[in-house]
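S.K.: Got a structure for you, questions after.
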Amino acid sequence: METGFSHIAGMFKVNTDIINKAIADISPEHWFQKPGDNSNHLMFILGHLVVHRGKTLKTLGVNWDNPWAQLFARGAERVADAEYPSIDEMRAAWNQVSAELAGTLKQPNPDVLAQDAPKGPPTFDGKISGTIAFFAFHDTYHVGQVSYLRKWLGYGQTVG
């Protein structure tokens, strides 16, 4: 059985493809609808994914920053719809961070992957490699939420 880090890159790629399919035809009026008062809308979840993919890049030693990252941090309070980036800005940020992550994961620096994991985010092996694996799991969790919202909004399923 192969246990190479390429599986992690594959998980991020599949997630990218699923998100691209899920958001391709979502109408502007649906980006801020929520199934419940305490639920997140599509804009928040996609922004959260962008921010955490950026955090993945930073963990891999790549310089990444975004001016609205705090809007999508874990536990961030929802703000008025107009305070979020535009749908076009969000799509562009998604495409940019996803392309940069895919490129970085093609040949991740083995010295970085072998470093001890920073305190804070979970790690599967105590190393940066295990933190990146956890980030792939985190990414997948939120891809499921986006797929659920797509179906709830009446666009049908994303996978299958």
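Naming works like this for the structure tokens: A, B, ... for the chains as they're shown, residue 1 at the start of each chain, ligands 1 onward in shown order.
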Give me, as an NGL selection string, the residues of chain A that a backbone DSSP run labels alpha helix (DSSP H).
M.R.: :A and (6-23 or 42-59 or 87-106 or 110-113 or 128-152)
S.K.: Which residues of range 85-109 of chain A come within 7 Å of range 9-16 of chain A, and what is each one's closest atom pair and distance in Å (one decimal), counting only C-alpha atoms, sorted by chain and residue number, as CSV?
M.R.:
```
residue,atom,partner,partner_atom,distance
A:Ser98,CA,A:Thr16,CA,6.8
A:Ala102,CA,A:Ala9,CA,6.9
A:Leu105,CA,A:Ala9,CA,5.6
```
S.K.: Any idea what the distance is between CA of Glu89 in chain A and CA of Thr158 in chain A?
M.R.: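 CA of Glu89 in chain A sits 22.5 Å away from CA of Thr158 in chain A.
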S.K.: Would you mind listing, for every residue of range 74-109 of chain A within 12 Å of range 123-143 of chain A, the two atoms forming the shortest contact and the distance between them in Å to one decimal, using only C-alpha atoms, sorted by chain and ascending residue number, as a Markdown table?
M.R.:
```
| residue | atom | partner | partner_atom | distance |
| --- | --- | --- | --- | --- |
| A:Arg74 | CA | A:His138 | CA | 11.7 |
| A:Ser98 | CA | A:Asp139 | CA | 11.4 |
| A:Leu101 | CA | A:Ile132 | CA | 11.2 |
| A:Thr104 | CA | A:Ile132 | CA | 11.9 |
| A:Leu105 | CA | A:Ile132 | CA | 10.0 |
| A:Pro108 | CA | A:Ser129 | CA | 9.6 |
| A:Asn109 | CA | A:Ser129 | CA | 10.1 |
```
S.K.: Would you mind telling me which residue in A:Ile8, A:Ala73, A:Ile18, A:Met90 lies nearest to His52 in chain A when using only C-alpha atoms?
M.R.: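 Of the candidates, the smallest distance to His52 in chain A is held by A:Ala73.
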S.K.: A:Arg53, A:Lys119, A:Lys58, A:His30: which is nearest Ala99 in chain A, counting only C-alpha atoms?
M.R.: A:Arg53
S.K.: Record the distance separating CA of Asp37 in chain A and CA of Asp88 in chain A, expressed in Å with one decimal.
M.R.: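 The value is 25.4 Å.
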